[in-house]
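Content type compact mmCIF, C-alpha atoms, from the file input31.txt:
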# COMPACT_ATOMS: atom_id res chain seq x y z
CA MET A 1 75.00 82.39 143.94
CA ILE A 2 73.53 81.57 140.54
CA ILE A 3 70.73 84.10 141.04
CA PHE A 4 73.30 86.75 141.98
CA LEU A 5 75.28 86.05 138.79
CA VAL A 6 72.13 86.21 136.68
CA ILE A 7 71.27 89.59 138.19
CA ILE A 8 74.79 90.93 137.56
CA VAL A 9 74.82 89.71 133.95
CA THR A 10 71.34 91.12 133.32
CA LEU A 11 72.27 94.51 134.75
CA ALA A 12 75.47 94.59 132.70
CA TYR A 13 73.51 93.73 129.56
CA LEU A 14 70.93 96.45 130.23
CA ILE A 15 73.67 99.01 130.88
CA ILE A 16 75.41 98.15 127.60
CA ILE A 17 72.18 98.24 125.59
CA GLY A 18 71.19 101.49 127.31
CA SER A 19 74.54 103.05 126.40
CA PHE A 20 74.04 102.01 122.76
CA VAL A 21 70.58 103.58 122.73
CA TYR A 22 72.05 106.76 124.18
CA GLY A 23 74.86 106.73 121.61
CA PHE A 24 72.47 106.00 118.75
CA ASN A 25 70.49 109.13 119.57
CA LYS A 26 73.69 111.21 119.72
CA VAL A 27 74.63 110.47 116.11
CA LYS A 28 73.28 113.28 113.96
CA ASP A 29 71.24 112.60 110.83
CA PHE A 30 72.97 113.37 107.54
CA TYR A 31 71.20 114.81 104.52
CA LEU A 32 72.41 115.34 100.96
CA GLU A 33 72.50 118.94 99.75
CA ASN A 34 73.38 118.46 96.08
CA MET A 35 76.93 119.77 96.52
CA LEU A 36 79.43 119.84 93.65
CA SER A 37 81.13 116.42 93.54
CA LYS A 38 84.85 116.58 94.30
CA THR A 39 86.13 113.37 95.89
CA ARG A 40 87.87 110.73 93.79
CA PHE A 41 87.19 107.13 94.82
CA SER A 42 88.68 103.72 94.16
CA ILE A 43 85.96 101.12 94.69
CA VAL A 44 87.27 97.68 95.66
CA ILE A 45 85.06 94.63 95.11
CA PRO A 46 86.48 91.18 95.93
CA PHE A 47 84.51 88.27 94.47
CA ARG A 48 84.54 84.50 94.33
CA ASN A 49 81.87 82.53 92.46
CA GLU A 50 79.35 85.38 92.39
CA ALA A 51 77.88 84.74 88.93
CA LEU A 52 74.31 84.94 90.25
CA ASN A 53 74.81 88.26 92.03
CA LEU A 54 77.13 90.17 89.72
CA PRO A 55 74.51 91.23 87.12
CA ASN A 56 72.53 93.16 89.77
CA LEU A 57 75.68 94.75 91.17
CA LEU A 58 76.92 95.75 87.72
CA GLN A 59 73.59 97.32 86.81
CA SER A 60 73.61 99.31 90.05
CA ILE A 61 77.10 100.57 89.16
CA ILE A 62 75.84 101.74 85.79
CA ASP A 63 72.99 103.56 87.57
CA LEU A 64 75.27 105.47 89.95
CA GLN A 65 74.65 109.20 89.68
CA TYR A 66 78.22 110.35 90.18
CA PRO A 67 80.70 111.81 87.65
CA ARG A 68 82.39 108.94 85.80
CA ASP A 69 85.79 110.61 85.88
CA LEU A 70 85.82 110.70 89.68
CA TYR A 71 85.95 107.00 90.40
CA GLU A 72 87.46 103.71 89.33
CA ILE A 73 86.37 100.16 90.14
CA ILE A 74 88.75 97.33 90.95
CA PHE A 75 87.28 93.83 90.90
CA VAL A 76 89.48 91.22 92.60
CA ASP A 77 88.88 87.63 91.51
CA ASP A 78 89.61 85.23 94.37
CA GLU A 79 90.04 82.01 92.39
CA SER A 80 86.48 81.83 91.05
CA THR A 81 85.55 78.52 89.47
CA ASP A 82 82.35 79.77 87.81
CA ASN A 83 81.94 82.33 85.03
CA SER A 84 82.02 85.41 87.27
CA LYS A 85 84.89 87.02 85.38
CA GLU A 86 83.26 86.32 82.03
CA ILE A 87 80.07 88.04 83.21
CA ILE A 88 82.00 91.17 84.16
CA ASP A 89 83.87 91.15 80.83
CA GLN A 90 80.64 90.74 78.92
CA VAL A 91 78.97 93.66 80.68
CA LEU A 92 82.10 95.77 80.18
CA ASP A 93 81.98 95.11 76.45
CA THR A 94 78.26 95.85 76.14
CA LYS A 95 76.45 97.96 78.72
CA PHE A 96 79.48 99.71 80.19
CA SER A 97 80.81 100.73 76.80
CA ASN A 98 77.58 102.66 76.23
CA GLU A 99 77.84 104.49 79.56
CA ASN A 100 81.13 106.35 79.04
CA PHE A 101 83.10 103.77 81.01
CA THR A 102 86.52 102.69 79.77
CA ARG A 103 88.74 99.74 80.57
CA THR A 104 90.92 102.09 82.60
CA ASP A 105 87.93 102.90 84.82
CA ILE A 106 87.23 99.26 85.61
CA LYS A 107 89.89 96.64 86.28
CA ILE A 108 89.70 92.92 86.98
CA ILE A 109 92.73 91.58 88.82
CA SER A 110 93.53 88.23 90.40
CA ASN A 111 93.93 87.85 94.12
CA LYS A 112 97.24 86.77 95.60
CA ARG A 113 96.67 84.86 98.80
CA GLN A 114 99.26 85.62 101.44
CA THR A 115 97.34 85.08 104.68
CA ASN A 116 94.44 83.03 106.00
CA SER A 117 92.05 85.82 105.01
CA PRO A 118 91.60 85.87 101.22
CA LYS A 119 89.27 88.87 101.38
CA LYS A 120 91.80 90.99 103.23
CA ASP A 121 94.47 89.88 100.76
CA ALA A 122 92.20 90.94 97.89
CA ILE A 123 91.59 94.38 99.38
CA THR A 124 95.28 94.88 100.14
CA LYS A 125 96.29 94.03 96.57
CA ALA A 126 93.64 96.34 95.11
CA ILE A 127 94.71 99.23 97.32
CA SER A 128 98.32 98.77 96.19
CA ILE A 129 97.29 99.68 92.61
CA ALA A 130 94.44 102.11 93.41
CA LYS A 131 95.00 105.50 91.81
CA ASN A 132 92.72 107.50 94.12
CA ASP A 133 93.22 108.36 97.77
CA TRP A 134 89.76 107.36 98.98
CA ILE A 135 89.06 103.62 99.11
CA ILE A 136 85.53 102.21 99.30
CA THR A 137 84.97 98.49 99.83
CA THR A 138 81.79 96.62 99.05
CA ASP A 139 80.73 93.05 98.25
CA ALA A 140 79.74 91.40 94.99
CA ASP A 141 76.33 90.44 96.35
CA CYS A 142 75.40 94.06 97.09
CA ILE A 143 73.20 96.49 95.17
CA LEU A 144 74.47 100.08 95.35
CA PRO A 145 72.07 103.04 95.79
CA LYS A 146 72.15 105.63 93.02
CA GLN A 147 73.38 108.34 95.42
CA TRP A 148 75.94 106.03 97.07
CA LEU A 149 79.09 107.92 96.09
CA ASN A 150 77.37 111.30 96.43
CA SER A 151 76.66 110.50 100.07
CA PHE A 152 80.28 109.66 100.82
CA ASP A 153 81.52 112.69 98.90
CA GLU A 154 79.32 115.22 100.69
CA PHE A 155 80.07 113.71 104.09
CA ILE A 156 83.80 113.96 103.38
CA GLN A 157 83.47 117.57 102.25
CA LYS A 158 81.45 118.53 105.32
CA THR A 159 83.44 116.68 107.98
CA ASN A 160 86.97 116.10 106.61
CA ALA A 161 86.61 112.50 107.79
CA LYS A 162 89.37 109.95 107.18
CA CYS A 163 87.24 106.86 107.71
CA ILE A 164 83.49 106.40 107.22
CA VAL A 165 81.46 103.45 108.47
CA ALA A 166 78.22 103.24 106.51
CA PRO A 167 75.13 101.02 106.95
CA VAL A 168 74.01 97.91 105.11
CA ILE A 169 70.44 96.68 104.77
CA TYR A 170 69.29 93.15 103.99
CA LYS A 171 66.63 92.77 101.30
CA THR A 172 64.07 90.09 102.11
CA ASN A 173 61.40 88.16 100.22
CA ASN A 174 59.13 88.00 103.29
CA MET A 175 60.37 84.53 104.26
CA LEU A 176 60.41 83.89 108.00
CA LEU A 177 64.12 83.04 108.10
CA GLU A 178 64.96 86.14 106.08
CA LYS A 179 63.00 88.28 108.52
CA PHE A 180 65.14 86.93 111.35
CA GLN A 181 68.25 87.70 109.29
CA LEU A 182 66.98 91.25 108.75
CA LEU A 183 66.33 91.66 112.47
CA SER A 184 69.83 90.39 113.19
CA ILE A 185 71.55 92.81 110.80
CA LEU A 186 69.43 95.72 112.05
CA SER A 187 70.50 94.98 115.62
CA LEU A 188 74.13 94.96 114.50
CA GLN A 189 73.63 98.26 112.67
CA GLY A 190 72.07 99.78 115.77
CA SER A 191 74.94 98.58 117.97
CA THR A 192 77.45 99.94 115.47
CA ILE A 193 75.85 103.39 115.46
CA GLY A 194 75.49 103.34 119.23
CA GLY A 195 79.16 102.46 119.69
CA PHE A 196 80.21 105.42 117.57
CA GLY A 197 77.78 107.67 119.43
CA ILE A 198 79.45 107.01 122.77
CA GLY A 199 82.94 107.26 121.29
CA LYS A 200 83.61 103.51 121.57
CA PRO A 201 83.39 102.15 118.01
CA PHE A 202 83.85 98.40 117.92
CA LEU A 203 82.10 97.18 114.77
CA CYS A 204 81.67 97.98 111.08
CA ASN A 205 80.60 96.29 107.87
CA GLY A 206 83.17 95.94 105.11
CA ALA A 207 80.39 95.92 102.51
CA ASN A 208 80.01 99.69 102.95
CA LEU A 209 83.26 101.06 104.34
CA ALA A 210 85.44 103.97 103.20
CA TYR A 211 88.84 105.23 104.30
CA THR A 212 91.83 107.06 102.91
CA LYS A 213 94.67 105.09 101.41
CA LYS A 214 97.11 107.04 103.60
CA LEU A 215 95.26 105.93 106.73
CA PHE A 216 95.35 102.31 105.56
CA PHE A 217 99.11 102.42 105.06
CA ASP A 218 99.72 104.41 108.26
CA LEU A 219 98.01 101.61 110.19
CA ASP A 220 100.02 98.99 108.27
CA GLY A 221 96.92 97.65 106.57
CA PHE A 222 95.39 94.58 108.17
CA ASN A 223 98.56 93.55 110.01
CA GLY A 224 97.91 93.05 113.69
I need this file expressed as C-alpha cells, please.
Amino acid sequence: MIIFLVIIVTLAYLIIIGSFVYGFNKVKDFYLENMLSKTRFSIVIPFRNEALNLPNLLQSIIDLQYPRDLYEIIFVDDESTDNSKEIIDQVLDTKFSNENFTRTDIKIISNKRQTNSPKKDAITKAISIAKNDWIITTDADCILPKQWLNSFDEFIQKTNAKCIVAPVIYKTNNMLLEKFQLLSILSLQGSTIGGFGIGKPFLCNGANLAYTKKLFFDLDGFNG
C-alpha cells in the first residue's frame, strides 16, 4: 500500500513539473524596442526598519531611465523604529533635488494597520492616494534595473495588460546558504512562469508586481 502511494505521489509530482516545463516554454520572450514612454505609474514601497537597504534602493531610483513626469513614488512607513524615514528625507533633500525630483513626486506616508497583514494595509493606503492608474509594488530591500519602468510601459503598450507579474532575482555573495536561496527563488520563478504558460497562474512576487488601480478596486483590494 505504501509503495502504491509513493508511486501515485511521484507520478503526480512529475506530471505537475512536466506541465510547468511545458507552460514555461509557451511564454514568449519579451524584448524592449525603445518605444516612446506613455504609461504613468505610482510606485508603492512599504518599509519597516530598512535603514541598511534604503540607500541602494534610492540610488537605483535615481538611476531609472524613465521620464520623471510619468511616475510618482509612495513610501509607506510601517512603524519603523530605526532612521529609515530620516534616510529617505536626507536623500530627497540632497541627491533627489539634483535629479529633477520634487516633493510631489515622492511621498512618505505612515501606515494605518487595519488587518493582520501590515504590508497589505500599507499598499491599500498608498493606492487610495495614488494619482496614477498603474500601480507597481516593490520592496525596500530591492535594487531596481535602469530599464525597469520602460519594460512595464512597453509591455502595457503592446499587450493592453491589466496585471503584470514580473520576476525577481536574488543577488548572492557566493555563500553556500545564499546559493540555496537563489536556487529556491529560481524554482519559484520557474513555477510561476509555468503556471501562467498553462493558463493556471497561482503565484507571484509582490516585489515586482503591477496592476491597474481600477482592477484593484474592482476586486475589492485584498478582501477575501
Query raised in the report: Pick from A:Lys26, A:Arg113, A:Lys38, A:Lys85: nearest to Leu149 of chain A, with all atoms listed in the file counted?
Result: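 Distance minimum relative to Leu149 of chain A lands on A:Lys38.
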Query raised in the report: Hey, what's within 10 Å of Leu182 of chain A if we count all atoms listed in the file and toss same-chain stuff fewer than 5 positions away? As a list in words, please?
Result: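 These residues fall inside the cut-off: Ile169, Tyr170, Lys171, Thr172, Leu176, Leu177, Ser187 and Leu188 of chain A.
With distances taken over all atoms listed in the file, A:Ile73 is the one residue among A:Met1, A:Ala166, A:Ile87, A:Ile73 lying closest to Ile106 of chain A.
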Report task. Name the residues in contact with segment 27-32 of chain A at a cut-off of 9 Å, using only C-alpha atoms, excluding same-chain residues fewer than 6 positions from it; report them as number ranges by chain. Result -> A: 147, 150-151, 154-155, 193-194, 196-198
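The space separating atom CA of Pro145 of chain A from atom CA of Asn25 of chain A comes to 24.6 Å.
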**Report entry** Two-atom distance - atom CA of Ile127 of chain A, atom CA of Lys213 of chain A (Å)
**Finding:**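 Taking atom CA of Ile127 of chain A and atom CA of Lys213 of chain A, their separation equals 7.1 Å.
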**Report entry** Residue with smallest distance to Tyr66 of chain A - pool A:Lys179, A:Lys146, A:Lys214, A:Arg48, counting only C-alpha atoms
**Finding:** A:Lys146
Show me the residues around (85.2, 95.5, 104.6) - criterion: an atom at most 10 Å away, all atoms listed in the file counted - as a tab-separated table (two decimals) with C-alpha atoms, keeping the file's coordinate frame.
chain	number	residue	atom	x	y	z
A	44	VAL	CA	87.27	97.68	95.66
A	45	ILE	CA	85.06	94.63	95.11
A	46	PRO	CA	86.48	91.18	95.93
A	119	LYS	CA	89.27	88.87	101.38
A	120	LYS	CA	91.80	90.99	103.23
A	123	ILE	CA	91.59	94.38	99.38
A	136	ILE	CA	85.53	102.21	99.30
A	137	THR	CA	84.97	98.49	99.83
A	138	THR	CA	81.79	96.62	99.05
A	139	ASP	CA	80.73	93.05	98.25
A	165	VAL	CA	81.46	103.45	108.47
A	204	CYS	CA	81.67	97.98	111.08
A	205	ASN	CA	80.60	96.29	107.87
A	206	GLY	CA	83.17	95.94	105.11
A	207	ALA	CA	80.39	95.92	102.51
A	208	ASN	CA	80.01	99.69	102.95
A	209	LEU	CA	83.26	101.06	104.34
A	210	ALA	CA	85.44	103.97	103.20
